[in-house]
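A.B. asks: Pasting a structure below so you can have a look.
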Amino acid sequence: DAMVIQNPRYQVTQFGKPVTLSCSQTLNHNVMYWYQQKSSQAPKLLFHYYDKDFNNEADTPDNFQSRRPNTSFCFLDIRSPGLGDAAMYLCATSRDMASGETQYFGPGTRLLVL
Amino acid sequence: DAKTTQPPSMDCAEGRAANLPCNHSTISGNEYVYWYRQIHSQGPQYIIHGLKNNETNEMASLIITEDRKSSTLILPHATLRDTAVYYCIVVPGGGATNKLIFGTGTLLAVQP
């Protein structure tokens with residue numbers, strides 16, 4: 001009864017080679033988030049979708065893009081991965097964005113850049 | 001946004017209660033206190049949240065001081081599986097957002 005699914009759990013890419021990470025949810029939640037978590041650091045929000053509306057955090061590099069083709073799926077695209085983009089990427093969902101709405105996280109995809 | 005302060009690490013004996021403190025002295029009246037935990041190499045897991053009153057669920061209890069400037073997460077009978085980083089997060093109130101800004105958290109090590 002997985003609720004937020006991320007595949008694959010581990011992804012290896014080459015420096016500069018575009019990579020896409022995927023997230024799906026069975027909760028029918030309106031909001032989907034992407035976080036980046038570098039080694040020994042806390043998760044950091046990159047952006048989120050409220051339904052089809054995309055909201056970028058101010059300090060998210062342009063190298064990171066996202067797509068949400070439907071309610072269930074959301075993708076993180078890294079156009080030209082650098083060595084510094086190696087991290088765990090976490091997807092989360094919530095029913096709404098009001099205060100008091102809980103976020104539910106997936107298991108994450110660990111990205112390695114060679 | 002209100003910031004939180006947590007001890008970087010704590011130990012707890014298996015079977016005993018784990019009491020994790022969090023200071024949020026600049027919290028506003030309509031801001032929630034959330035607790036998440038992250039077991040190594042997994043995604044964060046929601047534990048509990050509260051606004052003013054103490055809260056309890058199947059995982060833990062949340063005790064918020066009357067002035068709301070600090071809180072304590074209580075795991076009543078810690079097990080080895082509770083070893084994780086515990087994040088105390090204050091979520092801006094007013095109904096506009098539930099964005100999570102993670103701090104450094106507390107690494108709880110449950111000892112056998």
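Residues are referred to by chain and number: the chain letter is A, B, ... according to the order shown in the structure tokens, the number counts from 1 in that chain, and ligands are numbered separately from 1 in the order shown.
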Would you pick out the contacts of Lys38 of chain A at 8 Å or less, using only C-alpha atoms, so that residues sharing its chain but fewer than 2 positions from it are not included, and give the list as a list of chain:residue names?
C.D. replies: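 Once the adjacent positions are removed, what remains is A:Gln36, A:Ser40, A:Gln41, A:Ala42, A:Pro43, A:Ala86, A:Ala87, A:Met88.
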A.B. asks: Tell me which protein, DNA and RNA residues are within 8 Å of Thr71 of chain A, counting only C-alpha atoms, leaving out same-chain ones fewer than 2 positions away, and put them as a ChimeraX atom specification.
C.D. replies: /A:28-30,51,68-69,73-74
A.B. asks: Any chance you can output those residues with C-alpha atoms as a PDB file, in the first residue's frame?
C.D. replies:
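Contents of again-v9.pdb, freshly written:
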```pdb
ATOM      1  CA  ASN A  28      -4.866  11.795  -5.118  1.00  0.00           C
ATOM      2  CA  HIS A  29      -3.255  14.783  -3.426  1.00  0.00           C
ATOM      3  CA  ASN A  30      -3.286  18.198  -5.026  1.00  0.00           C
ATOM      4  CA  ASP A  51      -2.430  20.964  -9.186  1.00  0.00           C
ATOM      5  CA  ARG A  68       3.453  17.199 -13.759  1.00  0.00           C
ATOM      6  CA  PRO A  69       1.493  15.609 -16.598  1.00  0.00           C
ATOM      7  CA  PHE A  73       2.888  11.764 -11.565  1.00  0.00           C
ATOM      8  CA  CYS A  74       5.578  14.380 -11.162  1.00  0.00           C
TER       9      CYS A  74
END
```
A.B. asks: Output the contact residues of chain B with respect to chain A at a cut-off of 8 Å, based on only C-alpha atoms, as a count of residues only.
C.D. replies: 24
A.B. asks: What lies within 9 Å of Glu66 of chain B using only C-alpha atoms, ignoring chain neighbours under 4 positions off, as an NGL selection string?
C.D. replies: :B and (52-53 or 70)
A.B. asks: For those residues, write N, CA, C and O atoms to a file as a PDB file, in the first residue's frame.
C.D. replies:
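again_4.pdb written:
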```pdb
ATOM      1  N   LYS B  52      -1.591  24.441  19.800  1.00  0.00           N
ATOM      2  CA  LYS B  52      -1.526  24.954  21.173  1.00  0.00           C
ATOM      3  C   LYS B  52      -1.640  23.845  22.202  1.00  0.00           C
ATOM      4  O   LYS B  52      -0.966  23.854  23.224  1.00  0.00           O
ATOM      5  N   ASN B  53      -2.494  22.886  21.916  1.00  0.00           N
ATOM      6  CA  ASN B  53      -2.735  21.822  22.882  1.00  0.00           C
ATOM      7  C   ASN B  53      -1.748  20.690  22.724  1.00  0.00           C
ATOM      8  O   ASN B  53      -1.151  20.514  21.664  1.00  0.00           O
ATOM      9  N   SER B  70       8.472  26.484  23.453  1.00  0.00           N
ATOM     10  CA  SER B  70       9.225  25.240  23.333  1.00  0.00           C
ATOM     11  C   SER B  70       8.248  24.071  23.335  1.00  0.00           C
ATOM     12  O   SER B  70       7.069  24.213  23.702  1.00  0.00           O
TER      13      SER B  70
END
```
A.B. asks: Quick one: pull the distance between atom CA of Cys88 of chain B and atom CA of Thr56 of chain B, Å, one decimal.
C.D. replies: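 Separation between atom CA of Cys88 of chain B and atom CA of Thr56 of chain B: 15.7 Å.
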A.B. asks: Just the residues within 10 Å of Ala18 of chain B, please, counting only C-alpha atoms, with nothing from its chain fewer than 2 positions along; format it as a count of residues only.
C.D. replies: 22
A.B. asks: Mind giving me the straight-line distance from atom CA of Arg67 of chain A to atom CA of Leu46 of chain A in Å, one decimal?
C.D. replies: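 Taking atom CA of Arg67 of chain A and atom CA of Leu46 of chain A, their separation equals 13.0 Å.
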A.B. asks: Quick one: distance from atom CA of Thr93 of chain A to atom CA of Arg79 of chain A in Å, one decimal?
C.D. replies: 23.5 Å
A.B. asks: I'd like the neighbourhood of Phe75 of chain A as a JSON list (two decimals) with N, CA and C atoms, in the first residue's frame, where a residue qualifies if any of its atoms comes within 9 Å (using only C-alpha atoms), though same-chain residues fewer than 6 positions away should be ignored.
C.D. replies:
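Generated file (out.json):
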```
[["chain", "number", "residue", "atom", "x", "y", "z"],
["A", 20, "THR", "N", 16.20, 12.27, -15.57],
["A", 20, "THR", "CA", 14.84, 12.49, -15.07],
["A", 20, "THR", "C", 14.56, 11.53, -13.94],
["A", 21, "LEU", "N", 14.05, 12.07, -12.85],
["A", 21, "LEU", "CA", 13.62, 11.26, -11.72],
["A", 21, "LEU", "C", 12.10, 11.32, -11.67],
["A", 22, "SER", "N", 11.50, 10.21, -11.26],
["A", 22, "SER", "CA", 10.04, 10.15, -11.28],
["A", 22, "SER", "C", 9.45, 9.92, -9.90],
["A", 23, "CYS", "N", 8.23, 10.41, -9.76],
["A", 23, "CYS", "CA", 7.48, 10.26, -8.52],
["A", 23, "CYS", "C", 6.02, 10.03, -8.88],
["A", 24, "SER", "N", 5.40, 9.09, -8.20],
["A", 24, "SER", "CA", 3.97, 8.88, -8.39],
["A", 24, "SER", "C", 3.30, 8.74, -7.03],
["A", 34, "TRP", "N", 9.24, 18.61, -4.58],
["A", 34, "TRP", "CA", 10.55, 18.00, -4.74],
["A", 34, "TRP", "C", 11.54, 18.67, -3.80],
["A", 65, "GLN", "N", 14.30, 21.42, -13.41],
["A", 65, "GLN", "CA", 12.97, 21.68, -13.94],
["A", 65, "GLN", "C", 12.03, 20.57, -13.44],
["A", 66, "SER", "N", 10.74, 20.80, -13.61],
["A", 66, "SER", "CA", 9.79, 19.80, -13.18],
["A", 66, "SER", "C", 8.60, 19.77, -14.13],
["A", 67, "ARG", "N", 7.99, 18.61, -14.21],
["A", 67, "ARG", "CA", 6.77, 18.42, -15.02],
["A", 67, "ARG", "C", 5.78, 17.63, -14.21],
["A", 68, "ARG", "N", 4.51, 17.97, -14.40],
["A", 68, "ARG", "CA", 3.45, 17.20, -13.76],
["A", 68, "ARG", "C", 2.38, 16.97, -14.80],
["A", 69, "PRO", "N", 2.44, 15.87, -15.51],
["A", 69, "PRO", "CA", 1.49, 15.61, -16.60],
["A", 69, "PRO", "C", 0.08, 15.29, -16.13]]
```
A.B. asks: Based on the backbone DSSP call, show me all residues of segment 28-76 of chain B assigned strand (DSSP E or B), as a list of chain:residue names.
C.D. replies: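 Going through segment 28-76 of chain B, the strand (DSSP E or B) residues come out as B:Tyr32, B:Val33, B:Tyr34, B:Trp35, B:Tyr36, B:Arg37, B:Gln38, B:Gln45, B:Tyr46, B:Ile47, B:Ile48, B:His49, B:Gly50, B:Glu55, B:Thr56, B:Ser61, B:Leu62, B:Ile63, B:Ile64, B:Ser70, B:Ser71, B:Thr72, B:Leu73, B:Ile74, B:Leu75.
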A.B. asks: Please produce an output containing N, CA and C atoms for each residue in the selection, written as a CSV table (one decimal), in the first residue's frame.
C.D. replies:
```csv
chain,number,residue,atom,x,y,z
B,32,TYR,N,2.1,26.3,13.4
B,32,TYR,CA,2.1,24.9,13.9
B,32,TYR,C,3.5,24.4,14.2
B,33,VAL,N,3.6,23.5,15.2
B,33,VAL,CA,4.8,22.8,15.4
B,33,VAL,C,4.7,21.4,14.9
B,34,TYR,N,5.5,21.0,13.9
B,34,TYR,CA,5.5,19.7,13.3
B,34,TYR,C,6.8,18.9,13.7
B,35,TRP,N,6.6,17.6,13.8
B,35,TRP,CA,7.7,16.7,14.0
B,35,TRP,C,7.8,15.7,12.9
B,36,TYR,N,8.9,15.6,12.3
B,36,TYR,CA,9.2,14.5,11.3
B,36,TYR,C,10.4,13.8,11.8
B,37,ARG,N,10.6,12.6,11.3
B,37,ARG,CA,11.8,11.9,11.5
B,37,ARG,C,12.3,11.3,10.2
B,38,GLN,N,13.6,11.0,10.2
B,38,GLN,CA,14.2,10.5,9.0
B,38,GLN,C,15.2,9.4,9.4
B,45,GLN,N,9.5,11.0,7.7
B,45,GLN,CA,8.2,10.4,8.1
B,45,GLN,C,7.5,11.3,9.0
B,46,TYR,N,6.3,11.6,8.8
B,46,TYR,CA,5.5,12.5,9.7
B,46,TYR,C,5.3,11.8,11.0
B,47,ILE,N,5.4,12.5,12.1
B,47,ILE,CA,5.1,11.9,13.4
B,47,ILE,C,3.9,12.5,14.0
B,48,ILE,N,3.9,13.8,14.2
B,48,ILE,CA,2.8,14.5,14.9
B,48,ILE,C,2.9,16.0,14.7
B,49,HIS,N,1.8,16.7,14.9
B,49,HIS,CA,1.9,18.2,14.9
B,49,HIS,C,0.9,18.7,15.9
B,50,GLY,N,1.1,20.0,16.2
B,50,GLY,CA,0.2,20.6,17.2
B,50,GLY,C,0.2,22.1,17.0
B,55,GLU,N,-0.7,16.9,22.1
B,55,GLU,CA,-1.3,16.0,21.1
B,55,GLU,C,-0.7,14.6,21.4
B,56,THR,N,-1.4,13.6,21.1
B,56,THR,CA,-0.9,12.2,21.2
B,56,THR,C,-1.5,11.4,20.0
B,61,SER,N,3.8,11.5,21.7
B,61,SER,CA,3.1,12.6,22.3
B,61,SER,C,3.9,13.9,22.0
B,62,LEU,N,3.1,15.0,21.9
B,62,LEU,CA,3.7,16.3,21.7
B,62,LEU,C,3.3,17.2,22.8
B,63,ILE,N,4.2,17.7,23.6
B,63,ILE,CA,3.9,18.6,24.7
B,63,ILE,C,4.4,20.0,24.3
B,64,ILE,N,3.5,20.9,24.3
B,64,ILE,CA,3.8,22.3,23.9
B,64,ILE,C,3.6,23.1,25.2
B,70,SER,N,8.5,26.5,23.5
B,70,SER,CA,9.2,25.2,23.3
B,70,SER,C,8.2,24.1,23.3
B,71,SER,N,8.8,22.9,22.9
B,71,SER,CA,7.9,21.7,22.9
B,71,SER,C,8.8,20.5,23.1
B,72,THR,N,8.2,19.4,23.4
B,72,THR,CA,8.9,18.1,23.6
B,72,THR,C,8.2,17.0,22.9
B,73,LEU,N,8.9,16.3,22.1
B,73,LEU,CA,8.4,15.1,21.5
B,73,LEU,C,8.7,13.9,22.4
B,74,ILE,N,7.7,13.1,22.7
B,74,ILE,CA,8.0,12.0,23.6
B,74,ILE,C,7.6,10.7,22.9
B,75,LEU,N,8.7,9.8,22.8
B,75,LEU,CA,8.5,8.5,22.3
B,75,LEU,C,8.4,7.6,23.5
```
